[in-house]
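See below for entry37.txt, which holds compact mmCIF, C-alpha atoms and all ligand atoms.
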# COMPACT_ATOMS: atom_id res chain seq x y z
CA MET A 92 95.72 164.31 112.22
CA ASN A 93 93.80 167.05 113.96
CA TYR A 94 90.05 167.15 114.45
CA ARG A 95 89.31 169.29 111.37
CA TYR A 96 91.14 166.86 109.07
CA SER A 97 89.46 163.88 110.68
CA VAL A 98 86.09 165.41 109.86
CA ILE A 99 87.13 166.04 106.25
CA ALA A 100 88.42 162.48 105.99
CA VAL A 101 85.15 161.10 107.32
CA VAL A 102 83.17 163.20 104.83
CA ILE A 103 85.34 162.05 101.92
CA LEU A 104 85.06 158.45 103.07
CA GLY A 105 81.30 158.88 103.23
CA LEU A 106 81.20 160.22 99.67
CA LEU A 107 83.34 157.31 98.49
CA THR A 108 80.95 154.89 100.16
CA ILE A 109 78.01 156.48 98.34
CA ALA A 110 79.95 156.29 95.05
CA GLY A 111 80.60 152.62 95.82
CA CYS A 112 76.85 152.05 95.65
CA SER A 113 76.84 153.09 92.02
CA ASN A 114 75.25 150.40 89.96
CA TRP A 115 76.72 148.70 86.92
CA LEU A 116 75.53 151.50 84.62
CA GLY A 117 77.85 153.80 86.53
CA LYS A 118 74.96 155.86 87.88
CA VAL A 119 74.84 156.59 91.58
CA ASN A 120 71.89 155.13 93.43
CA ILE A 121 71.30 157.85 96.02
CA PHE A 122 68.94 155.64 97.99
CA PRO A 123 70.97 154.08 100.82
CA VAL A 124 71.26 150.28 100.52
CA GLU A 125 70.46 149.77 104.23
CA GLN A 126 67.04 151.22 103.51
CA ASP A 127 66.17 148.67 100.82
CA VAL A 128 64.96 146.21 103.46
CA ALA A 129 63.01 148.86 105.39
CA LEU A 130 61.31 150.00 102.19
CA GLY A 131 60.66 146.41 101.08
CA GLN A 132 59.12 145.64 104.47
CA GLN A 133 56.78 148.65 104.32
CA VAL A 134 55.80 148.05 100.72
CA SER A 135 55.25 144.32 101.23
CA SER A 136 53.07 144.73 104.32
CA SER A 137 51.03 147.35 102.50
CA PHE A 138 50.72 145.04 99.47
CA GLU A 139 49.65 142.08 101.61
CA SER A 140 47.07 144.09 103.52
CA GLY A 141 45.53 145.39 100.28
CA THR A 142 42.67 143.68 98.53
CA ALA A 143 44.81 142.94 95.43
CA ALA A 144 46.72 140.19 97.17
CA VAL A 145 45.46 137.03 98.83
CA VAL A 146 48.53 135.43 100.36
CA LEU A 147 48.48 131.64 100.77
CA ASP A 148 48.78 130.90 104.48
CA SER A 149 52.25 129.46 105.04
CA SER A 150 51.17 127.51 108.14
CA LYS A 151 48.45 125.69 106.18
CA ASN A 152 50.45 125.17 102.99
CA THR A 153 53.70 123.83 104.34
CA VAL A 154 54.42 121.51 101.38
CA LEU A 155 54.13 124.37 98.89
CA TYR A 156 56.16 126.77 101.00
CA ASN A 157 58.90 124.25 101.78
CA TYR A 158 59.12 123.52 98.07
CA ILE A 159 59.51 127.16 97.11
CA TYR A 160 61.90 127.86 100.02
CA GLY A 161 64.00 124.98 98.69
CA ILE A 162 64.33 126.72 95.32
CA ARG A 163 65.22 130.02 96.96
CA ASP A 164 67.79 128.35 99.23
CA SER A 165 69.49 126.57 96.31
CA ILE A 166 70.03 129.99 94.74
CA LEU A 167 71.24 131.60 97.98
CA LYS A 168 73.60 128.68 98.70
CA THR A 169 75.62 129.52 95.58
CA ASN A 170 77.08 132.40 97.61
CA LEU A 171 76.99 134.55 94.50
CA LEU A 172 74.65 137.12 96.05
CA VAL A 173 76.34 140.05 97.75
CA HIS A 174 73.16 140.75 99.74
CA LYS A 175 72.57 137.13 100.72
CA ASN A 176 72.68 137.97 104.42
CA ASP A 177 71.48 141.60 104.21
CA PHE A 178 68.05 140.84 102.79
CA PRO A 179 65.35 138.60 104.34
CA TRP A 180 64.56 136.88 100.98
CA LYS A 181 61.04 136.18 102.19
CA VAL A 182 58.82 134.32 99.70
CA ARG A 183 55.03 134.56 99.57
CA ILE A 184 52.63 132.79 97.23
CA ILE A 185 49.72 134.90 95.95
CA LYS A 186 46.53 133.00 95.30
CA ASN A 187 45.44 134.16 91.86
CA ASP A 188 45.29 131.68 89.00
CA THR A 189 44.70 134.34 86.36
CA ILE A 190 48.02 136.12 86.83
CA GLN A 191 51.19 134.48 85.51
CA ASN A 192 53.57 136.71 87.35
CA ALA A 193 56.26 136.99 89.98
CA PHE A 194 58.06 140.02 91.37
CA CYS A 195 60.46 141.09 94.07
CA THR A 196 60.45 144.27 96.17
CA PRO A 197 63.61 146.12 97.17
CA GLY A 198 65.29 144.20 99.97
CA GLY A 199 64.16 140.80 98.67
CA TYR A 200 60.47 140.19 99.42
CA ILE A 201 59.57 137.73 96.66
CA TYR A 202 56.01 137.20 95.39
CA VAL A 203 54.97 134.30 93.14
CA TYR A 204 51.42 133.98 91.79
CA THR A 205 49.70 130.58 91.68
CA GLY A 206 48.84 131.37 88.04
CA LEU A 207 52.56 131.32 87.22
CA MET A 208 53.23 128.13 89.16
CA LYS A 209 50.42 126.36 87.30
CA TYR A 210 51.55 127.71 83.94
CA LEU A 211 55.15 126.53 84.30
CA GLU A 212 56.05 122.93 83.51
CA SER A 213 59.14 122.16 85.55
CA GLU A 214 61.07 123.26 88.61
CA ASP A 215 64.02 124.67 86.66
CA GLN A 216 61.64 127.12 84.96
CA LEU A 217 60.35 128.38 88.31
CA ALA A 218 63.92 128.52 89.65
CA GLY A 219 64.94 130.51 86.55
CA VAL A 220 62.13 133.03 87.00
CA MET A 221 62.81 133.33 90.76
CA GLY A 222 66.51 133.87 90.03
CA HIS A 223 65.57 136.62 87.60
CA GLU A 224 63.31 138.33 90.16
CA MET A 225 65.81 137.94 93.00
CA ALA A 226 68.41 139.57 90.75
CA HIS A 227 66.26 142.71 90.49
CA ALA A 228 66.51 143.06 94.30
CA GLU A 229 70.16 141.95 94.56
CA LYS A 230 71.24 144.41 91.85
CA ARG A 231 68.89 147.06 93.29
CA HIS A 232 66.97 147.53 90.04
CA SER A 233 63.73 147.61 92.09
CA THR A 234 65.02 150.49 94.18
CA ASP A 235 66.27 152.30 91.09
CA ALA A 236 62.91 151.93 89.36
CA LEU A 237 60.91 153.03 92.42
CA THR A 238 63.27 155.98 92.94
CA ARG A 239 62.78 157.00 89.30
CA GLU A 240 59.02 156.68 89.65
CA PHE A 241 58.47 158.25 93.06
CA GLY A 242 61.70 160.03 94.06
CA ALA A 243 64.13 159.15 96.86
CA ASN A 244 62.58 161.61 99.32
CA LEU A 245 59.12 160.12 99.09
CA LEU A 246 60.54 156.60 99.48
CA LEU A 247 62.47 157.65 102.58
CA GLU A 248 59.30 159.25 103.98
CA LEU A 249 57.45 156.00 103.38
CA ILE A 250 59.99 154.08 105.45
CA PHE A 251 59.11 156.28 108.39
CA GLY A 252 55.44 155.68 107.76
CA THR A 253 54.22 159.19 107.08
CA SER A 254 51.94 158.47 104.16
CA LYS A 255 49.77 155.38 104.12
CA ALA A 256 47.95 156.38 100.92
CA GLN A 257 51.15 156.84 98.97
CA LEU A 258 52.58 153.65 100.39
CA LEU A 259 49.62 151.76 98.97
CA GLN A 260 50.13 153.47 95.63
CA VAL A 261 53.79 152.42 95.55
CA ALA A 262 52.87 148.90 96.60
CA THR A 263 50.22 148.62 93.91
CA GLY A 264 52.65 149.90 91.28
CA LEU A 265 55.26 147.31 92.25
CA ALA A 266 53.95 144.41 90.19
CA GLN A 267 53.89 146.62 87.11
CA LEU A 268 57.33 148.14 87.64
CA SER A 269 59.21 148.35 84.41
CA PHE A 270 62.95 147.99 84.30
CA GLY A 271 65.24 149.07 81.50
CA ARG A 272 66.67 146.81 78.84
CA GLU A 273 70.05 146.65 80.59
CA ALA A 274 68.45 145.70 83.91
CA GLU A 275 66.46 142.88 82.26
CA THR A 276 69.57 141.53 80.57
CA GLU A 277 71.51 141.70 83.82
CA ALA A 278 68.73 139.85 85.67
CA ASP A 279 68.68 137.17 82.94
CA ASN A 280 72.46 136.81 83.20
CA CYS A 281 72.28 136.45 86.99
CA SER A 282 69.61 133.79 86.62
CA VAL A 283 71.88 131.73 84.33
CA ASP A 284 75.01 132.32 86.45
CA TRP A 285 73.30 131.42 89.72
CA LEU A 286 71.46 128.35 88.43
CA TYR A 287 74.73 127.20 86.85
CA GLN A 288 76.06 126.68 90.38
CA THR A 289 73.04 124.55 91.38
CA SER A 290 71.80 121.19 90.11
CA TYR A 291 69.16 122.96 87.95
CA ASN A 292 69.16 123.34 84.21
CA PRO A 293 70.89 126.75 84.12
CA VAL A 294 68.63 128.13 81.36
CA GLY A 295 65.36 127.32 83.13
CA ALA A 296 64.08 130.86 82.60
CA ALA A 297 64.62 130.51 78.84
CA GLY A 298 62.33 127.46 78.80
CA PHE A 299 59.56 129.63 80.13
CA PHE A 300 60.08 132.36 77.51
CA GLU A 301 59.98 129.73 74.77
CA LYS A 302 56.70 128.34 76.06
CA MET A 303 55.17 131.82 76.13
CA GLN A 304 56.35 132.51 72.59
CA LYS A 305 55.26 129.18 71.22
CA GLU A 306 51.76 129.63 72.59
CA LYS A 307 51.73 133.29 71.57
CA ASN A 308 50.47 134.07 75.04
CA GLN A 309 50.02 137.82 74.83
CA VAL A 310 47.22 138.12 77.36
CA ASN A 311 49.08 138.46 80.63
CA ILE A 312 52.54 139.71 79.86
CA PRO A 313 54.44 139.48 83.13
CA GLU A 314 57.25 141.75 84.22
CA PHE A 315 59.98 139.32 83.26
CA LEU A 316 58.57 139.13 79.73
CA SER A 317 58.18 142.86 79.41
CA THR A 318 58.36 144.60 76.05
CA HIS A 319 62.09 144.99 75.85
CA PRO A 320 64.41 143.43 75.07
CA ASP A 321 62.65 141.12 72.64
CA PRO A 322 61.98 137.72 74.32
CA GLY A 323 63.66 135.91 71.43
CA ASN A 324 66.83 137.91 71.98
CA ARG A 325 66.66 137.15 75.67
CA VAL A 326 66.48 133.40 75.05
CA ALA A 327 69.43 133.67 72.65
CA ASN A 328 71.39 135.74 75.15
CA MET A 329 70.78 133.27 77.99
CA LYS A 330 71.75 130.29 75.86
CA LYS A 331 74.90 132.06 74.68
CA ARG A 332 75.91 132.81 78.25
CA TRP A 333 75.21 129.20 79.27
CA SER A 334 77.25 127.88 76.36
CA GLU A 335 80.19 130.21 77.14
CA LYS A 336 80.20 128.91 80.71
CA GLY A 337 80.59 125.33 79.45
CA ALA A 338 77.00 124.32 78.57
CA LYS A 339 76.57 122.16 81.68
CA VAL A 340 73.31 120.17 81.51
CA GLY A 341 71.23 120.33 84.68
CA GLN A 342 68.01 118.86 86.06
CA THR A 343 64.50 120.03 85.17
CA TYR A 344 62.84 118.15 88.08
CA THR A 345 59.65 117.84 86.05
CA GLU A 346 58.15 114.95 88.03
CA ARG A 347 58.46 116.49 91.47
CA TYR A 348 57.17 119.77 90.04
CA LYS A 349 54.00 118.02 88.87
CA LYS A 350 53.66 116.42 92.29
CA MET A 351 53.97 119.82 93.98
CA LEU A 352 51.21 121.18 91.73
CA THR A 353 48.75 118.67 93.15
CA TYR A 354 48.96 120.59 96.43
CA LEU A 355 47.98 123.76 94.63
CA ARG A 356 44.24 123.74 94.45
ZN ZN B 401 62.77 141.50 85.01

Mind turning the file's structure into structure tokens?
Ligand SMILES: [Zn+2]
Amino acid sequence: MNYRYSVIAVVILGLLTIAGCSNWLGKVNIFPVEQDVALGQQVSSSFESGTAAVVLDSSKNTVLYNYIYGIRDSILKTNLLVHKNDFPWKVRIIKNDTIQNAFCTPGGYIYVYTGLMKYLESEDQLAGVMGHEMAHAEKRHSTDALTREFGANLLLELIFGTSKAQLLQVATGLAQLSFGREAETEADNCSVDWLYQTSYNPVGAAGFFEKMQKEKNQVNIPEFLSTHPDPGNRVANMKKRWSEKGAKVGQTYTERYKKMLTYLR
């Protein structure tokens, strides 16, 4: 093969690689996957330096952090995540009891609010919600949504640190990012599939939805309970998936969850 053909082959191979990044909807995510971590890093440091976020100090709250790392590691140990070793999967707890939320940046920087931890009743529920959020990073929904909102060029500029003001804007918008119906369903499915390979009750996330519905808690609707699809349908979908997989019954770890909460003051 002469030089000219080698170049053509490399170009075609490159195009195929880009096409290989197409997500499950068949659309091509033009944002390169290697940049997810760089973007996540920029966005997370901007978020943490902003006034909106008070991050619990991990060196002073080792019990809480070890607990939450344990949940994350159980999910990663399933080996079901393609980006298990590509992303840092860093977890940070945000001290704010009024917000019952959790979210994940591109590249796997996970944020959990103390308000959510206190609202939940058992470890499987927190594991279910974390699985759901981690799925948004793993399946690159976060990158898709940010690209839709801000454009790939701006995001690439942010990685190279050219616009601090816009970076802060992107970071602030992160917690309110809305994903499509298909992305939410996919994240719910991942949560069930991943937890199924751990000792947790695989439908932990569903338990949380049911609690929210029962209490008609409409005040702080978090991302994972966003308007669509209907939460009732999501519970039904998760239970159906669980039942099709064999309806394995897992642990809720309610007692040790309550014990962990005593460290959260
Ligand atoms: Zn979600």

Requested in this report: Could you report the residues within 12 Å of ligand ZN 401 (chain B), using only C-alpha atoms and all ligand atoms, as an MDAnalysis selection string?
Outcome: chainID A and resid 192:196 219:228 230:233 236 265:282 296 312:320 322 325

Query raised in the report: In Å, how far is it from CA of Glu248 in chain A to CA of Ala262 in chain A?
Result: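 Between these atoms lies a distance of 14.2 Å.
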
Query raised in the report: Out of A:Pro293, A:Gly199, A:Gly252, A:Gly337, which residue has the shortest atom-to-atom distance to Thr234 in chain A when counting all atoms listed in the file?
Result: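 Closest residue, counting all atoms listed in the file: A:Gly199.
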
Query raised in the report: When distances are computed from all atoms listed in the file, which of A:Lys349, A:Lys255, A:Arg356, A:Lys302 shows the smallest separation from Ser136 in chain A?
Result: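 Ranking A:Lys349, A:Lys255, A:Arg356, A:Lys302 by distance to Ser136 in chain A, first place goes to A:Lys255.
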
Query raised in the report: So what do you get for CA of Asp148 in chain A versus CA of Ser165 in chain A, distance-wise?
Result: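 That distance, rounded to one decimal, is 22.7 Å.
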
Query raised in the report: Do you know which residues are at most 10 Å from Leu167 in chain A counting only C-alpha atoms, after dropping those on the same chain fewer than 6 positions away, and could you put them as a PyMOL selection string?
Result: chain A and resi 161+173-176+180+222+225+285+289

**Report entry** Pick from A:Thr343, A:Thr238, A:Ser213, A:Ser290 nearest to Leu130 in chain A, counting all atoms listed in the file
**Finding:**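 When distances to Leu130 in chain A are compared using all atoms listed in the file, the smallest one comes from A:Thr238.
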
Report summary line: A straight line from CA of Val203 in chain A to CA of Gly341 in chain A spans 23.0 Å

Query raised in the report: Which residues, written as a ChimeraX atom specification, have at least one atom at most 8 Å from Val294 in chain A, with all atoms listed in the file counted and residues fewer than 5 positions away on the same chain left out?
Result: /A:215-216,219,282-283,286,329-330,333

Keeping only C-alpha atoms, write the selected residues as a PDB file, in the frame of the given file.
ATOM      1  CA  ASP A 215      64.020 124.670  86.660  1.00  0.00           C
ATOM      2  CA  GLN A 216      61.640 127.120  84.960  1.00  0.00           C
ATOM      3  CA  GLY A 219      64.940 130.510  86.550  1.00  0.00           C
ATOM      4  CA  SER A 282      69.610 133.790  86.620  1.00  0.00           C
ATOM      5  CA  VAL A 283      71.880 131.730  84.330  1.00  0.00           C
ATOM      6  CA  LEU A 286      71.460 128.350  88.430  1.00  0.00           C
ATOM      7  CA  MET A 329      70.780 133.270  77.990  1.00  0.00           C
ATOM      8  CA  LYS A 330      71.750 130.290  75.860  1.00  0.00           C
ATOM      9  CA  TRP A 333      75.210 129.200  79.270  1.00  0.00           C
TER      10      TRP A 333
END

Query raised in the report: For Gly198 in chain A, which residue out of A:Asn328, A:Ser135, A:Thr345, A:Asn292 is the nearest one, using all atoms listed in the file?
Result: A:Ser135

Requested in this report: Go through A:Leu259, A:Ile185, A:Ala338, A:Ile159 and flag the residue nearest Val145 in chain A, using all atoms listed in the file for the distances.
Outcome: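 Result for the nearest residue to Val145 in chain A: A:Ile185.
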
Report task. Find, counting only C-alpha atoms, the residue in A:Ile162, A:Val182, A:Ile121, A:Val154 that gets nearest to Lys350 in chain A. Result -> A:Val154

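Close to (61.6, 157.6, 94.0), meaning no more than 12 Å away when counting only C-alpha atoms, sit the residues A:Asn120, A:Ile121, A:Phe122, A:Leu130, A:Ser233, A:Thr234, A:Asp235, A:Ala236, A:Leu237, A:Thr238, A:Arg239, A:Glu240, A:Phe241, A:Gly242, A:Ala243, A:Asn244, A:Leu245, A:Leu246, A:Leu247, A:Glu248, A:Leu249, A:Gln257, A:Leu258, A:Val261.
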